[in-house]
Structures are given as structure tokens and as C-alpha cells.
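Novice: Please find my_file-v1.txt (compact mmCIF, C-alpha atoms and all ligand atoms) on the next line:
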# COMPACT_ATOMS: atom_id res chain seq x y z
CA MET A 1 -32.47 2.59 20.79
CA HIS A 2 -34.00 2.61 17.37
CA ILE A 3 -30.93 3.96 15.55
CA THR A 4 -28.64 1.69 17.59
CA LEU A 5 -30.48 -1.43 16.42
CA GLU A 6 -30.52 -0.14 12.84
CA ALA A 7 -26.79 0.63 12.99
CA LEU A 8 -25.98 -2.89 14.23
CA LYS A 9 -28.01 -4.34 11.39
CA ARG A 10 -26.88 -2.09 8.56
CA PHE A 11 -23.19 -1.35 9.16
CA GLY A 12 -21.82 -4.84 9.87
CA LEU A 13 -20.85 -3.95 13.45
CA ASP A 14 -20.01 -6.37 16.28
CA ARG A 15 -21.01 -4.05 19.08
CA VAL A 16 -22.26 -0.53 19.74
CA TRP A 17 -21.05 1.61 22.62
CA TRP A 18 -23.27 4.39 23.86
CA LEU A 19 -20.91 7.15 24.97
CA VAL A 20 -22.93 8.96 27.59
CA SER A 21 -21.43 12.40 27.18
CA PRO A 22 -20.03 14.45 30.06
CA GLY A 23 -21.37 17.42 28.03
CA ASN A 24 -21.57 18.32 24.35
CA PRO A 25 -18.99 21.08 23.63
CA LEU A 26 -21.55 22.91 21.43
CA LYS A 27 -24.38 22.96 23.99
CA THR A 28 -24.41 25.79 26.49
CA ARG A 29 -26.93 24.31 28.97
CA GLY A 30 -25.33 21.58 31.03
CA PRO A 31 -26.94 18.10 31.09
CA ALA A 32 -28.31 16.20 34.11
CA PRO A 33 -25.69 14.48 36.31
CA LEU A 34 -23.75 11.83 34.41
CA SER A 35 -24.47 9.04 36.92
CA GLU A 36 -28.21 9.61 36.51
CA ARG A 37 -28.05 9.62 32.70
CA LEU A 38 -25.89 6.49 32.73
CA GLU A 39 -28.34 4.67 34.99
CA ARG A 40 -31.33 5.67 32.87
CA ALA A 41 -29.62 4.73 29.63
CA ARG A 42 -28.68 1.30 31.04
CA ALA A 43 -32.25 0.76 32.21
CA ILE A 44 -33.64 1.18 28.69
CA MET A 45 -30.85 -0.14 26.47
CA ARG A 46 -30.57 -3.80 27.38
CA HIS A 47 -29.00 -5.67 24.51
CA PRO A 48 -26.13 -8.20 24.49
CA ARG A 49 -24.27 -6.26 21.80
CA VAL A 50 -24.73 -2.78 23.24
CA SER A 51 -22.70 -1.27 26.10
CA VAL A 52 -23.59 1.98 27.82
CA THR A 53 -20.41 3.64 29.03
CA ASP A 54 -19.07 6.75 30.76
CA ILE A 55 -15.67 6.17 29.18
CA GLU A 56 -15.55 9.74 27.84
CA ALA A 57 -15.64 11.10 31.40
CA ARG A 58 -13.02 8.57 32.46
CA LEU A 59 -10.76 9.45 29.53
CA GLY A 60 -11.21 13.12 30.38
CA THR A 61 -12.23 14.03 26.82
CA ARG A 62 -15.22 15.96 25.47
CA ALA A 63 -14.42 16.69 21.87
CA THR A 64 -15.07 13.63 19.74
CA ALA A 65 -11.69 13.91 17.95
CA ASP A 66 -9.95 13.65 21.34
CA THR A 67 -12.19 10.79 22.47
CA LEU A 68 -11.45 8.79 19.34
CA ALA A 69 -7.69 9.39 19.62
CA ALA A 70 -7.78 8.22 23.24
CA LEU A 71 -9.91 5.17 22.40
CA ARG A 72 -7.56 4.12 19.62
CA ALA A 73 -4.61 4.40 22.01
CA CYS A 74 -6.42 2.32 24.69
CA TYR A 75 -7.75 -0.33 22.27
CA PRO A 76 -5.22 -0.64 19.45
CA GLY A 77 -6.79 -3.86 18.10
CA VAL A 78 -10.33 -2.49 17.79
CA ARG A 79 -11.74 -1.00 14.59
CA PHE A 80 -13.95 1.84 15.76
CA VAL A 81 -16.78 3.39 13.74
CA TRP A 82 -18.38 6.72 14.71
CA LEU A 83 -22.20 6.67 14.61
CA MET A 84 -24.47 9.69 14.58
CA GLY A 85 -27.81 10.99 13.33
CA ALA A 86 -28.11 13.07 10.14
CA ASP A 87 -28.42 16.31 12.16
CA ASN A 88 -24.87 15.82 13.33
CA LEU A 89 -23.53 15.28 9.80
CA ALA A 90 -25.02 18.67 8.89
CA GLN A 91 -23.04 20.21 11.80
CA LEU A 92 -19.89 18.13 11.66
CA HIS A 93 -17.77 20.87 10.08
CA ARG A 94 -18.28 22.89 13.28
CA TRP A 95 -16.85 20.21 15.57
CA GLN A 96 -13.36 20.54 16.99
CA ASN A 97 -10.75 19.06 14.62
CA TRP A 98 -13.55 17.45 12.67
CA ARG A 99 -11.30 16.37 9.84
CA ASP A 100 -9.31 14.23 12.29
CA ILE A 101 -12.55 12.35 12.95
CA ALA A 102 -13.32 11.84 9.26
CA ASP A 103 -9.73 10.85 8.51
CA SER A 104 -9.37 8.39 11.36
CA VAL A 105 -12.58 6.33 11.62
CA PRO A 106 -15.41 5.28 9.30
CA VAL A 107 -18.57 7.29 10.01
CA GLY A 108 -22.08 5.82 9.93
CA VAL A 109 -24.92 8.33 9.56
CA LEU A 110 -28.56 7.46 10.26
CA ALA A 111 -31.43 9.34 8.63
CA ARG A 112 -33.39 11.73 10.81
CA PRO A 113 -36.58 13.60 9.85
CA GLY A 114 -35.84 17.07 8.52
CA ASP A 115 -32.10 16.55 8.32
CA ARG A 116 -31.56 14.25 5.35
CA ILE A 117 -31.10 16.97 2.77
CA SER A 118 -29.07 19.38 4.91
CA ALA A 119 -26.83 16.46 5.89
CA ARG A 120 -26.22 15.34 2.32
CA MET A 121 -25.51 18.92 1.18
CA SER A 122 -23.35 19.76 4.20
CA PRO A 123 -19.72 20.90 3.98
CA ALA A 124 -18.51 17.60 5.47
CA ALA A 125 -20.53 15.53 2.97
CA ARG A 126 -19.21 17.59 0.08
CA ILE A 127 -15.57 17.63 1.19
CA TYR A 128 -15.62 13.87 1.76
CA GLY A 129 -17.87 13.12 -1.21
CA ALA A 130 -15.37 10.73 -2.78
CA SER A 131 -15.18 8.68 0.42
CA ARG A 132 -18.89 7.92 0.57
CA ILE A 133 -20.05 4.30 0.61
CA ALA A 134 -23.46 3.89 -1.02
CA GLY A 135 -26.36 3.03 1.30
CA GLY A 136 -26.78 -0.31 -0.47
CA ALA A 137 -23.23 -1.33 0.51
CA SER A 138 -23.55 -0.14 4.13
CA HIS A 139 -22.48 -3.52 5.54
CA LEU A 140 -18.94 -2.74 4.28
CA LEU A 141 -18.54 0.29 6.56
CA GLY A 142 -17.36 -1.61 9.64
CA ARG A 143 -14.32 -2.94 7.78
CA ALA A 144 -13.63 0.11 5.61
CA GLY A 145 -10.49 2.19 6.05
CA ALA A 146 -10.95 5.91 6.81
CA PRO A 147 -11.96 8.19 5.33
CA ALA A 148 -15.22 6.41 4.64
CA TRP A 149 -18.79 7.33 5.51
CA CYS A 150 -22.20 5.98 4.76
CA PHE A 151 -25.66 7.49 5.04
CA VAL A 152 -28.45 4.97 5.58
CA ASN A 153 -32.12 5.62 5.08
CA VAL A 154 -33.56 3.83 8.08
CA PRO A 155 -37.21 4.09 9.15
CA MET A 156 -37.37 7.51 10.78
CA LEU A 157 -38.69 8.52 14.17
CA ASP A 158 -39.49 12.18 14.64
CA ILE A 159 -38.50 12.49 18.28
CA SER A 160 -35.69 14.32 20.04
CA SER A 161 -34.18 13.94 23.47
CA THR A 162 -35.54 17.39 24.36
CA GLN A 163 -39.09 16.20 23.58
CA ILE A 164 -38.59 13.05 25.64
CA ARG A 165 -37.26 15.06 28.60
CA GLU A 166 -40.15 17.52 28.37
CA GLY A 167 -42.64 14.65 28.21
CA ALA A 168 -41.08 12.97 31.23
CA GLY A 169 -40.87 16.21 33.22
N1 LIG B 201 -34.91 10.70 16.07
C1 LIG B 201 -33.64 10.50 15.73
N2 LIG B 201 -33.30 10.00 14.51
C2 LIG B 201 -31.99 9.82 14.18
N3 LIG B 201 -30.94 10.10 14.98
C3 LIG B 201 -31.21 10.60 16.20
C4 LIG B 201 -32.57 10.82 16.64
N4 LIG B 201 -32.51 11.31 17.91
C5 LIG B 201 -31.20 11.40 18.24
N5 LIG B 201 -30.41 10.99 17.23
C6 LIG B 201 -28.94 10.91 17.22
O1 LIG B 201 -28.55 10.31 18.47
C7 LIG B 201 -27.38 10.94 18.99
C8 LIG B 201 -27.66 11.48 20.38
O2 LIG B 201 -28.65 12.48 20.25
P1 LIG B 201 -29.13 13.33 21.50
O3 LIG B 201 -29.16 12.47 22.69
O4 LIG B 201 -28.38 14.62 21.57
O5 LIG B 201 -30.62 13.66 21.08
P2 LIG B 201 -31.18 14.90 20.25
O6 LIG B 201 -32.60 14.57 20.04
O7 LIG B 201 -30.29 15.14 19.05
O8 LIG B 201 -31.01 16.12 21.26
P3 LIG B 201 -31.78 17.53 21.22
O9 LIG B 201 -33.17 17.28 21.74
O10 LIG B 201 -30.96 18.37 22.13
O11 LIG B 201 -31.78 17.97 19.79
C9 LIG B 201 -26.98 12.03 17.98
O12 LIG B 201 -26.01 11.49 17.10
C10 LIG B 201 -28.29 12.29 17.20
O13 LIG B 201 -28.02 12.69 15.86
O1 LIG B 202 -16.26 17.28 19.17
C1 LIG B 202 -17.09 18.19 19.03
O2 LIG B 202 -16.76 19.36 18.81
C2 LIG B 202 -18.57 17.83 19.15
C3 LIG B 202 -19.56 18.78 18.90
C4 LIG B 202 -20.90 18.38 19.00
C5 LIG B 202 -21.23 17.08 19.38
N1 LIG B 202 -20.21 16.21 19.61
C6 LIG B 202 -20.51 14.84 20.07
O3 LIG B 202 -21.54 14.25 19.32
C7 LIG B 202 -22.31 13.38 20.14
C8 LIG B 202 -23.77 13.71 19.99
O4 LIG B 202 -23.96 14.99 20.47
P1 LIG B 202 -25.44 15.47 20.81
O5 LIG B 202 -25.31 16.73 21.56
O6 LIG B 202 -26.10 15.60 19.48
O7 LIG B 202 -25.99 14.38 21.68
C9 LIG B 202 -21.74 13.50 21.55
O8 LIG B 202 -20.86 12.44 21.75
C10 LIG B 202 -21.00 14.83 21.50
O9 LIG B 202 -19.90 14.93 22.37
C11 LIG B 202 -18.93 16.54 19.52
Can you present the structure in this file as C-alpha cells?
Specialist:
Amino acid sequence: MHITLEALKRFGLDRVWWLVSPGNPLKTRGPAPLSERLERARAIMRHPRVSVTDIEARLGTRATADTLAALRACYPGVRFVWLMGADNLAQLHRWQNWRDIADSVPVGVLARPGDRISARMSPAARIYGASRIAGGASHLLGRAGAPAWCFVNVPMLDISSTQIREGAG
């Protein structure tokens, strides 16, 4: 919720979609049933500009590059931006067809404790170094043409979904 509200504020976005994943291709342990995760996400994320969706399951995609290609085909008039925490920028070069992601949509990255330096030094950050929008101009990201990415230093919360699940269990 925290990074969603920061992303809306900082990147000049109209809306944020939470893509409740059918399963991250890099994680070996399967998640809880999608319907349960969707219901829980909707119960906590109540905001007029945020939608919680299972569209990835409905599109039949798992890899983000495939999801974005399918979304662009379904919504040709919409300018999509990919949002993620800094830990995912550090790993992005391991994602399937990751360059298709960087070349097709602007990418907004939100600071996360412990991951700011590894993210900024990551292969993806280096390879796309010339396409970086400075944090101070982050509001331009939503209208930028790809490749474009922006790292914003938002107030950081040192919590992970694993910790939250363990606390709830
Ligand atoms: N505390 C946080 N600060 C910044 N970004 C975060 C934070 N927690 C999650 N994110 C981002 O939110 C998205 C969804 O994360 P996810 O639900 O997998 O949680 P996680 O905490 O990364 O999971 P895990 O506990 O398995 O590491 C990812 O893009 C992740 O980078
Ligand atoms: O496309 C990939 O190869 C890929 C690899 C790792 C993560 N992702 C996506 O990144 C998002 C965040 O993943 P996670 O596991 O950090 O919640 C989620 O939408 C995943 O499907 C995508």
C-alpha cells in the first residue's frame, strides 16, 4: 500500500493496478490460492485510483514481458508503466525477455531497505543508464517514451510479504 501511494504521487500516474500474480516464475514455492490473495488484497487496498486485478491469470501470462505485451494489445490507448521495488531492479536482468520490458514501457522503481545500492549498480541499471530519469523529475515518467526508468527515494519500510505472512500465521 505504501509504495502504491508513493508511486501515484511521484510518477504522475492516473491509476495503479495491482497484478495479483498467478505465481512468480522465479519462485519455486507456490503461493496461496489466487482467489484468496485477491480477496485479501481488495480488503486492504481500498482507493479510488487503485484496482486489484487477476488479469494476469485471465490473460494466461506469468512472465511480465508476456503480460505487458498482452495488456498493450488489449488496451491500445493506455500508456502503461511498470512499477516495482528496488529488489526487483537488482534482479531484472534475470527475468524472461527483460529487455522487452525495458524497451516497451517506462519503469518506476521504489526504494527498498537494503536494495538501493544493488539496484543502482545492477546490470539493468547500467545497460539502461542513459534512459534514466532523475528522481527529481519523476513526475515525467508516466508520459515518457520507453526506454525510460526512474528510481525514487521514498520513505522506506523494512517489511516483506514473507514477514507479514509469518506474522499472520
Ligand atoms: N518494503 C518494501 N519496499 C519497497 N518495495 C516493496 C516492499 N515490499 C514489497 N515491495 C515490492 O512490491 C512488489 C511485490 O512484492 P512481494 O509481494 O513479492 O513482496 P516481497 O516482500 O518482495 O516478497 P518476499 O517476502 O517473498 O521477498 C515487488 O515489486 C517488491 O519489490
Ligand atoms: O517475468 C519474469 O521473469 C519475472 C520474474 C520475477 C518476477 N516477476 C514479476 O514481478 C512481480 C513481483 O514479483 P515478486 O515475486 O517480487 O512479488 C510479479 O508480477 C512477478 O510476476 C516477473
Novice: So which residues touch region 52-56 of chain A within 12 Å, counting only C-alpha atoms, skipping near sequence neighbours fewer than 3 positions away, as a ChimeraX atom specification?
Specialist: /A:1,4,15-24,33-49,59-71,74
Novice: Let me see if you get this right: every residue at most 9 Å from ligand LIG 201 (chain B), counting all atoms listed in the file, written as a count of residues only.
Specialist: 33
Novice: What separation in Å, quoted to one decimal, exists between CA of Tyr128 (chain A) and CA of Ala144 (chain A)?
Specialist: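 Separation of CA of Tyr128 (chain A) and CA of Ala144 (chain A): 14.4 Å.
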Novice: Once 8 Å is added on each side, what are the centre and the three edge lengths, in Å to one decimal, of the axis-aligned box enclosing the listed atoms of region 108-124 of chain A? Present them as AutoDock Vina command-line options.
Specialist:
--center_x -27.5 --center_y 13.4 --center_z 6.0 --size_x 34.1 --size_y 31.1 --size_z 25.6
Novice: Can you tell me, as number ranges by chain, what residues are no more than 10 Å from Ala137 (chain A) when counting only C-alpha atoms, ignoring any on the same chain fewer than 5 positions away?
Specialist: A: 10-11, 150, 152
Novice: One number please: CA of Val78 (chain A) to CA of Leu141 (chain A), in Å, one decimal.
Specialist: 14.2 Å
Novice: Quick one: distance from CA of Leu5 (chain A) to CA of Arg143 (chain A) in Å, one decimal?
Specialist: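 Between these atoms lies a distance of 18.4 Å.
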Novice: Measuring atom to atom with only C-alpha atoms, identify which of A:Asp103, A:Asp14, A:Ser118, A:Pro76 is nearest to Ser51 (chain A).
Specialist: A:Asp14
Novice: Identify which of the residues A:Ala146, A:Val50, A:Leu8, A:Ala57 lies closest to ligand LIG 202 (chain B), counting all atoms listed in the file when measuring atom-to-atom distances.
Specialist: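 Ranking A:Ala146, A:Val50, A:Leu8, A:Ala57 by distance to ligand LIG 202 (chain B), first place goes to A:Ala57.
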Novice: Which is closer to ligand LIG 202 (chain B) than all the others in A:Gln96, A:Ser131, A:Ser122, A:Ser104, using all atoms listed in the file?
Specialist: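 Among the listed residues, the smallest separation from ligand LIG 202 (chain B) belongs to A:Gln96.
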